[in-house]
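Peer 1: Please see the structure below; I have some questions.
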Amino acid sequence: MRTRYAPSPSGTLHIGGARTALFSYLFAKHHEGQFVLRVEDTDRARLVEGSESALMRSLRLLGIHWDEGPDLEGPLGPYRQSERLALHQQYAEQLLKGGQAYRCYCTPEELKQAREARMAQKLPPRYMGTCRNRLAEDPIHTSGQPYVIRLKVPLDGVTVVDDLIRGHVTFENSLLDDFVIMKADHTPTYNFAAVIDDWGMQISHVTRAEEHLSNTPKQILVYQALGFDLPQFAHIPMVLAPDRSKLSKRHGATAVEEYLDQGILPQALVNYLLLLGWSAPDGREFMTVADAVPLFTLERVQHTAAVYDQKKLEWMNAQYLKALPVTEIVAAVTPFVEKLGISWGQGPTLDAGVALARERAHTLVDLAQAMKFLWERPQAFDPKGVQKHFTPLEVPIRLEALAEALERSDTAAWTHDGIMEVFDAVAKNLDIKRAELIHPCRLALTGVTVGPGLFELVQVLGPQETVARLRQVATNLREGALKGSQS
RNA sequence: GGCCCCAUAGUCUAGAGGCCUAGGACGCCGGACCCUCAUUCCGGAAACAGCGGUUCGAAUCCGCUUGGGGCUACCA
């Protein structure tokens, strides 16, 4: 079995494309076949610089690996459609000679007019067929006028698409028109190039998004005209934006890269994508791509288009953030920490920071932000927190008492429980509840009122820094420097 | 407009005639725990689009309607 993913390098890889690629890949691998990456770059106008390599990078990060592709030449290459032009032209010529295709000299203006006229009459906008029956002797052929090549589509009968997911789908040939297979610039159109390349690359199962189901009868006609054996087809449902329309830039983040930039782990993203239109036989939701290979079958692919849900994606990411080994998370979060301009060389390790903060982060951005206080003293204190926890006049005294007790405590006792004991002792001494110590302390140390448990936080921050911050805040409070501090 | 595909809660899904008073997940609401937030745990609201058939019996089969999506380019 051989499948393929054939994106056009006209932008970034959006999650719909990634999901289609993933399913094609899993389908091939489940049957121990090959997965091919072919870049469909025939439309030079839509070509976007660098998008081919961006596409490949995104695919790789998701763990979707091709056996043959533009960067991994195999025996059936080249794998960039533009480099197969000679082949396309050769087959177009063959169809011309065989009379299954013809040159069409109609101008775009003429076609547009004819189309609009038919639309006005509420007729399907079919090519009118002006050039279909031109004689070989027609002087226009030697006139040097630009032309396209059209396939001569049967005027009656039906073309049946035998789809692995959709079943038998029947199309009336009379509703198809003589579509263009070679443009005026002598490059092939999608429906022509795709056939020649799929056949040439010996793709046994054409798995692609459902938007191509309507194109399939046209392609089958090309297969037949060329005398090629038909592959199997499987049309995978689309991924829709939350408003149920086709994915586009206006829907915010839709590209794999953007999600990665938002701090979604590729493992979480691909796991989420896997659940969009497919479910495991045993209903489990957490899987790696490798886990899914033995489980993946087309029978379990949904027929309905799926709407992606950012909330569930983030939830899944949070699960990975909690479950993956700390070292992996550290590696993943490091660029995000750097982006925040944090220098973590001194003080707590990133490992300790990740272990401390990962439980309540949804994205790597959250995580980096939540660790920031470990290496940077708070520049500002949450106003509501200040009002609530810094207002009592005893606060400076309490913080200083705490600082002193912590300073005096045995470094060997610098553990969660050891620190808790110090807090309890100070609270008892001051005749207050432990919470009355904890809240101002967290605010003094981190600048905010939410975050990790205080004792583990203090433990990671370390004795010296903790004591220094407490004293600094106590001093500032006493001098009124923090009163009404807004930002 | 024409052609094609699709239809279980807000979202992702389980379900292939009786196991369904429709199961799970996210989200939402409430509660427990707690030093806050988050996590975790417990509980709750929430769906078979509608109408006709077929059948002893229909979420499951058929038809129609409605709704959504796709295609209808010298884009892919």
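Following the order of the structure tokens, chains are lettered A, B, ..., residues in each are numbered from 1, and ligands are numbered from 1.
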Show me, as a ChimeraX atom specification, every residue of chain A with an atom at most 6 Å from chain B, counting only C-alpha atoms (C1' of nucleotides).
Peer 2: /A:122,124,183,211,214,304,312,360,435,438,449-451
Peer 1: Would you pick out the contacts of segment 47-63 of chain B at 6 Å or less, using only C-alpha atoms (C1' of nucleotides), so that residues sharing its chain but fewer than 6 positions from it are not included, and give the list as an MDAnalysis selection string?
Peer 2: chainID B and resid 8:9 17
Peer 1: Would you give me, as an MDAnalysis selection string, the residues in segment 262-312 of chain A that DSSP reads as alpha helix (DSSP H)?
Peer 2: chainID A and resid 266:274 289:292 310:312
Peer 1: Interatomic distance between atom CA of Ser343 of chain A and atom CA of Trp375 of chain A?
Peer 2: 7.0 Å
Peer 1: Between atom CA of Ala305 of chain A and atom CA of Met238 of chain A, what is the spacing in Å?
Peer 2: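 Between atom CA of Met238 of chain A and atom CA of Ala305 of chain A the gap works out to 4.8 Å.
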Peer 1: State, in Å with one decimal place, the distance from atom CA of Glu436 of chain A to atom CA of Leu402 of chain A.
Peer 2: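 These two atoms are separated by 11.7 Å.
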Peer 1: Kindly indicate which residue among A:Thr187, A:Gln472, A:Gln34, A:Thr207 lies nearest to Ala6 of chain A, using only C-alpha atoms for the distances.
Peer 2: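 Ranking A:Thr187, A:Gln472, A:Gln34, A:Thr207 by distance to Ala6 of chain A, first place goes to A:Thr207.
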Peer 1: Give me, as a ChimeraX atom specification, the residues of segment 61-132 of chain A that a backbone DSSP run labels strand (DSSP E or B).
Peer 2: /A:68-69,72,80,101-104
Peer 1: Leaving out Tyr105 of chain A and any residue of its chain fewer than 5 positions from it, which residues lie within 12 Å of it when counting only C-alpha atoms (C1' of nucleotides), given as an mmCIF file with all heavy atoms, in the first residue's frame?
Peer 2:
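As a result, part-v3.cif now contains:
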data_model
loop_
_atom_site.group_PDB
_atom_site.id
_atom_site.type_symbol
_atom_site.label_atom_id
_atom_site.label_comp_id
_atom_site.auth_asym_id
_atom_site.auth_seq_id
_atom_site.Cartn_x
_atom_site.Cartn_y
_atom_site.Cartn_z
ATOM 1 N N GLU A 110 -14.474 35.278 -23.391
ATOM 2 C CA GLU A 110 -15.556 34.531 -24.033
ATOM 3 C C GLU A 110 -16.156 33.506 -23.065
ATOM 4 O O GLU A 110 -17.361 33.338 -22.962
ATOM 5 C CB GLU A 110 -15.039 33.792 -25.268
ATOM 6 C CG GLU A 110 -14.744 34.696 -26.448
ATOM 7 C CD GLU A 110 -13.963 33.985 -27.545
ATOM 8 O OE1 GLU A 110 -13.417 32.893 -27.283
ATOM 9 O OE2 GLU A 110 -13.896 34.521 -28.650
ATOM 10 N N LEU A 111 -15.257 32.838 -22.350
ATOM 11 C CA LEU A 111 -15.718 31.802 -21.422
ATOM 12 C C LEU A 111 -16.543 32.402 -20.307
ATOM 13 O O LEU A 111 -17.570 31.861 -19.918
ATOM 14 C CB LEU A 111 -14.517 31.060 -20.835
ATOM 15 C CG LEU A 111 -13.714 30.235 -21.834
ATOM 16 C CD1 LEU A 111 -12.426 29.756 -21.212
ATOM 17 C CD2 LEU A 111 -14.545 29.055 -22.333
ATOM 18 N N GLY A 129 -18.270 24.216 -25.641
ATOM 19 C CA GLY A 129 -17.834 23.220 -26.615
ATOM 20 C C GLY A 129 -17.459 23.758 -27.988
ATOM 21 O O GLY A 129 -17.387 23.020 -28.965
ATOM 22 N N THR A 130 -17.214 25.046 -28.059
ATOM 23 C CA THR A 130 -16.850 25.670 -29.329
ATOM 24 C C THR A 130 -15.710 24.927 -30.041
ATOM 25 O O THR A 130 -15.757 24.700 -31.253
ATOM 26 C CB THR A 130 -16.398 27.126 -29.091
ATOM 27 O OG1 THR A 130 -17.304 27.740 -28.181
ATOM 28 C CG2 THR A 130 -16.345 27.898 -30.395
ATOM 29 N N CYS A 131 -14.700 24.557 -29.299
ATOM 30 C CA CYS A 131 -13.502 23.997 -29.924
ATOM 31 C C CYS A 131 -13.490 22.470 -29.945
ATOM 32 O O CYS A 131 -12.548 21.862 -30.433
ATOM 33 C CB CYS A 131 -12.253 24.497 -29.200
ATOM 34 S SG CYS A 131 -12.097 26.296 -29.216
ATOM 35 N N ARG A 132 -14.530 21.881 -29.395
ATOM 36 C CA ARG A 132 -14.523 20.429 -29.243
ATOM 37 C C ARG A 132 -14.416 19.704 -30.590
ATOM 38 O O ARG A 132 -13.769 18.680 -30.707
ATOM 39 C CB ARG A 132 -15.800 19.974 -28.520
ATOM 40 C CG ARG A 132 -15.853 18.462 -28.249
ATOM 41 C CD ARG A 132 -17.097 18.116 -27.413
ATOM 42 N NE ARG A 132 -17.337 16.676 -27.409
ATOM 43 C CZ ARG A 132 -17.259 15.893 -26.331
ATOM 44 N NH1 ARG A 132 -16.923 16.406 -25.171
ATOM 45 N NH2 ARG A 132 -17.506 14.613 -26.409
ATOM 46 N N ARG A 134 -13.369 20.975 -33.629
ATOM 47 C CA ARG A 134 -12.566 21.593 -34.695
ATOM 48 C C ARG A 134 -11.826 20.502 -35.468
ATOM 49 O O ARG A 134 -11.358 19.517 -34.898
ATOM 50 C CB ARG A 134 -11.520 22.535 -34.104
ATOM 51 C CG ARG A 134 -12.074 23.882 -33.713
ATOM 52 C CD ARG A 134 -10.935 24.833 -33.348
ATOM 53 N NE ARG A 134 -11.421 25.911 -32.496
ATOM 54 C CZ ARG A 134 -12.048 26.980 -32.976
ATOM 55 N NH1 ARG A 134 -12.268 27.104 -34.270
ATOM 56 N NH2 ARG A 134 -12.461 27.913 -32.155
ATOM 57 N N ASP A 138 -8.118 22.821 -39.304
ATOM 58 C CA ASP A 138 -8.522 24.179 -38.942
ATOM 59 C C ASP A 138 -7.287 25.088 -38.861
ATOM 60 O O ASP A 138 -6.330 24.786 -38.159
ATOM 61 C CB ASP A 138 -9.225 24.137 -37.572
ATOM 62 C CG ASP A 138 -10.003 25.414 -37.312
ATOM 63 O OD1 ASP A 138 -9.452 26.507 -37.543
ATOM 64 O OD2 ASP A 138 -11.168 25.315 -36.870
ATOM 65 N N PRO A 139 -7.310 26.188 -39.606
ATOM 66 C CA PRO A 139 -6.127 27.063 -39.643
ATOM 67 C C PRO A 139 -5.748 27.635 -38.272
ATOM 68 O O PRO A 139 -4.605 28.038 -38.073
ATOM 69 C CB PRO A 139 -6.566 28.178 -40.608
ATOM 70 C CG PRO A 139 -8.047 28.079 -40.700
ATOM 71 C CD PRO A 139 -8.391 26.649 -40.462
ATOM 72 N N ILE A 140 -6.676 27.636 -37.374
ATOM 73 C CA ILE A 140 -6.390 28.207 -36.046
ATOM 74 C C ILE A 140 -5.243 27.466 -35.351
ATOM 75 O O ILE A 140 -4.492 28.033 -34.569
ATOM 76 C CB ILE A 140 -7.663 28.208 -35.161
ATOM 77 C CG1 ILE A 140 -7.494 29.201 -34.009
ATOM 78 C CG2 ILE A 140 -7.970 26.808 -34.631
ATOM 79 C CD1 ILE A 140 -8.773 29.539 -33.290
ATOM 80 N N HIS A 141 -5.083 26.196 -35.688
ATOM 81 C CA HIS A 141 -4.050 25.396 -35.034
ATOM 82 C C HIS A 141 -2.648 25.884 -35.374
ATOM 83 O O HIS A 141 -1.716 25.673 -34.611
ATOM 84 C CB HIS A 141 -4.183 23.919 -35.454
ATOM 85 C CG HIS A 141 -5.422 23.261 -34.900
ATOM 86 N ND1 HIS A 141 -5.798 23.357 -33.589
ATOM 87 C CD2 HIS A 141 -6.388 22.519 -35.501
ATOM 88 C CE1 HIS A 141 -6.942 22.689 -33.402
ATOM 89 N NE2 HIS A 141 -7.326 22.181 -34.559
ATOM 90 N N THR A 142 -2.513 26.508 -36.509
ATOM 91 C CA THR A 142 -1.183 26.995 -36.891
ATOM 92 C C THR A 142 -1.086 28.498 -36.758
ATOM 93 O O THR A 142 -0.115 29.111 -37.182
ATOM 94 C CB THR A 142 -0.874 26.591 -38.357
ATOM 95 O OG1 THR A 142 -1.972 27.008 -39.180
ATOM 96 C CG2 THR A 142 -0.664 25.094 -38.485
ATOM 97 N N SER A 143 -2.124 29.092 -36.159
ATOM 98 C CA SER A 143 -2.168 30.547 -36.082
ATOM 99 C C SER A 143 -1.291 31.114 -34.965
ATOM 100 O O SER A 143 -1.058 32.312 -34.910
ATOM 101 C CB SER A 143 -3.610 30.998 -35.838
ATOM 102 O OG SER A 143 -4.002 30.603 -34.536
ATOM 103 N N GLY A 144 -0.840 30.242 -34.084
ATOM 104 C CA GLY A 144 -0.019 30.719 -32.980
ATOM 105 C C GLY A 144 -0.837 31.306 -31.844
ATOM 106 O O GLY A 144 -0.288 31.841 -30.887
ATOM 107 N N GLN A 145 -2.151 31.203 -31.935
ATOM 108 C CA GLN A 145 -3.003 31.698 -30.856
ATOM 109 C C GLN A 145 -2.825 30.845 -29.602
ATOM 110 O O GLN A 145 -2.641 29.636 -29.695
ATOM 111 C CB GLN A 145 -4.471 31.603 -31.290
ATOM 112 C CG GLN A 145 -4.980 32.845 -31.983
ATOM 113 C CD GLN A 145 -6.493 32.833 -32.072
ATOM 114 O OE1 GLN A 145 -7.159 32.690 -31.051
ATOM 115 N NE2 GLN A 145 -7.014 32.943 -33.278
ATOM 116 N N PRO A 146 -2.875 31.481 -28.448
ATOM 117 C CA PRO A 146 -2.741 30.698 -27.213
ATOM 118 C C PRO A 146 -3.920 29.735 -27.050
ATOM 119 O O PRO A 146 -5.023 30.030 -27.494
ATOM 120 C CB PRO A 146 -2.746 31.750 -26.106
ATOM 121 C CG PRO A 146 -3.341 32.966 -26.721
ATOM 122 C CD PRO A 146 -3.029 32.918 -28.177
ATOM 123 N N TYR A 147 -3.659 28.632 -26.450
ATOM 124 C CA TYR A 147 -4.728 27.650 -26.271
ATOM 125 C C TYR A 147 -4.535 26.873 -24.969
ATOM 126 O O TYR A 147 -3.448 26.859 -24.395
ATOM 127 C CB TYR A 147 -4.735 26.649 -27.439
ATOM 128 C CG TYR A 147 -3.459 25.849 -27.542
ATOM 129 C CD1 TYR A 147 -3.312 24.653 -26.824
ATOM 130 C CD2 TYR A 147 -2.388 26.281 -28.336
ATOM 131 C CE1 TYR A 147 -2.133 23.936 -26.899
ATOM 132 C CE2 TYR A 147 -1.222 25.565 -28.415
ATOM 133 C CZ TYR A 147 -1.088 24.386 -27.693
ATOM 134 O OH TYR A 147 0.076 23.673 -27.744
ATOM 135 N N VAL A 148 -5.611 26.280 -24.529
ATOM 136 C CA VAL A 148 -5.521 25.339 -23.407
ATOM 137 C C VAL A 148 -5.895 23.975 -23.976
ATOM 138 O O VAL A 148 -6.394 23.890 -25.089
ATOM 139 C CB VAL A 148 -6.493 25.699 -22.262
ATOM 140 C CG1 VAL A 148 -6.188 27.073 -21.703
ATOM 141 C CG2 VAL A 148 -7.941 25.600 -22.722
ATOM 142 N N ILE A 149 -5.624 22.931 -23.205
ATOM 143 C CA ILE A 149 -6.043 21.609 -23.663
ATOM 144 C C ILE A 149 -7.169 21.126 -22.756
ATOM 145 O O ILE A 149 -7.059 21.196 -21.526
ATOM 146 C CB ILE A 149 -4.870 20.610 -23.630
ATOM 147 C CG1 ILE A 149 -3.742 21.104 -24.549
ATOM 148 C CG2 ILE A 149 -5.345 19.213 -24.057
ATOM 149 C CD1 ILE A 149 -2.499 20.241 -24.535
ATOM 150 N N ARG A 150 -8.241 20.706 -23.380
ATOM 151 C CA ARG A 150 -9.388 20.198 -22.622
ATOM 152 C C ARG A 150 -9.568 18.709 -22.853
ATOM 153 O O ARG A 150 -9.296 18.200 -23.935
ATOM 154 C CB ARG A 150 -10.671 20.915 -23.058
ATOM 155 C CG ARG A 150 -10.742 22.365 -22.649
ATOM 156 C CD ARG A 150 -12.042 22.997 -23.119
ATOM 157 N NE ARG A 150 -12.085 24.407 -22.788
ATOM 158 C CZ ARG A 150 -12.537 24.886 -21.619
ATOM 159 N NH1 ARG A 150 -13.004 24.048 -20.711
ATOM 160 N NH2 ARG A 150 -12.524 26.177 -21.389
ATOM 161 N N VAL A 180 -10.344 21.813 -18.349
ATOM 162 C CA VAL A 180 -8.985 22.095 -18.817
ATOM 163 C C VAL A 180 -7.995 21.155 -18.123
ATOM 164 O O VAL A 180 -8.055 20.965 -16.901
ATOM 165 C CB VAL A 180 -8.617 23.565 -18.501
ATOM 166 C CG1 VAL A 180 -7.158 23.857 -18.830
ATOM 167 C CG2 VAL A 180 -9.551 24.505 -19.245
ATOM 168 N N LYS A 183 -3.003 24.284 -18.975
ATOM 169 C CA LYS A 183 -3.285 25.713 -19.075
ATOM 170 C C LYS A 183 -2.534 26.308 -20.265
ATOM 171 O O LYS A 183 -1.678 25.654 -20.869
ATOM 172 C CB LYS A 183 -2.835 26.428 -17.796
ATOM 173 C CG LYS A 183 -3.364 25.808 -16.515
ATOM 174 C CD LYS A 183 -2.787 26.524 -15.295
ATOM 175 C CE LYS A 183 -2.838 25.624 -14.079
ATOM 176 N NZ LYS A 183 -2.137 26.209 -12.919
ATOM 177 N N ALA A 184 -2.849 27.565 -20.556
ATOM 178 C CA ALA A 184 -2.233 28.250 -21.697
ATOM 179 C C ALA A 184 -0.716 28.350 -21.544
ATOM 180 O O ALA A 184 0.010 28.448 -22.523
ATOM 181 C CB ALA A 184 -2.841 29.635 -21.853
ATOM 182 P P C B 74 -11.297 27.545 -16.233
ATOM 183 O OP1 C B 74 -11.731 28.762 -15.601
ATOM 184 O OP2 C B 74 -11.797 27.247 -17.565
ATOM 185 O "O5'" C B 74 -9.713 27.507 -16.268
ATOM 186 C "C5'" C B 74 -9.011 26.296 -16.163
ATOM 187 C "C4'" C B 74 -7.563 26.710 -16.049
ATOM 188 O "O4'" C B 74 -7.124 27.043 -17.387
ATOM 189 C "C3'" C B 74 -7.448 27.965 -15.167
ATOM 190 O "O3'" C B 74 -6.804 27.671 -13.952
ATOM 191 C "C2'" C B 74 -6.888 29.081 -16.128
ATOM 192 O "O2'" C B 74 -5.781 29.750 -15.626
ATOM 193 C "C1'" C B 74 -6.477 28.291 -17.392
ATOM 194 N N1 C B 74 -6.826 28.998 -18.610
ATOM 195 C C2 C B 74 -5.772 29.408 -19.438
ATOM 196 O O2 C B 74 -4.618 29.145 -19.096
ATOM 197 N N3 C B 74 -6.042 30.060 -20.588
ATOM 198 C C4 C B 74 -7.303 30.331 -20.919
ATOM 199 N N4 C B 74 -7.523 30.974 -22.054
ATOM 200 C C5 C B 74 -8.397 29.942 -20.076
ATOM 201 C C6 C B 74 -8.118 29.279 -18.946
#
Peer 1: Could you name the residues that touch Leu273 of chain A at 9 Å or less, counting only C-alpha atoms (C1' of nucleotides), but leaving out those on the same chain fewer than 4 positions away, as a list in words?
Peer 2: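 Skipping anything fewer than 4 positions along the chain leaves Ile15, Gly16, Ala18, Arg19, Leu22, Ala268, Leu269, Gly277, Trp278, Tyr308 and Leu313 of chain A.
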Peer 1: Could you write those residues out with C-alpha atoms, as a PDB file, in the first residue's frame?
Peer 2:
ATOM      1  CA  ILE A  15      -4.703  21.745  11.112  1.00  0.00           C
ATOM      2  CA  GLY A  16      -7.098  20.327   8.532  1.00  0.00           C
ATOM      3  CA  ALA A  18      -2.224  18.127   9.123  1.00  0.00           C
ATOM      4  CA  ARG A  19      -5.109  15.885  10.095  1.00  0.00           C
ATOM      5  CA  LEU A  22      -1.931  12.147   9.675  1.00  0.00           C
ATOM      6  CA  ALA A 268      -0.691  17.124  22.276  1.00  0.00           C
ATOM      7  CA  LEU A 269      -1.625  18.710  18.972  1.00  0.00           C
ATOM      8  CA  GLY A 277     -12.897  12.309  13.081  1.00  0.00           C
ATOM      9  CA  TRP A 278     -11.501   9.091  14.424  1.00  0.00           C
ATOM     10  CA  TYR A 308     -12.127  21.862  16.172  1.00  0.00           C
ATOM     11  CA  LEU A 313      -6.856  21.110  22.645  1.00  0.00           C
TER      12      LEU A 313
END
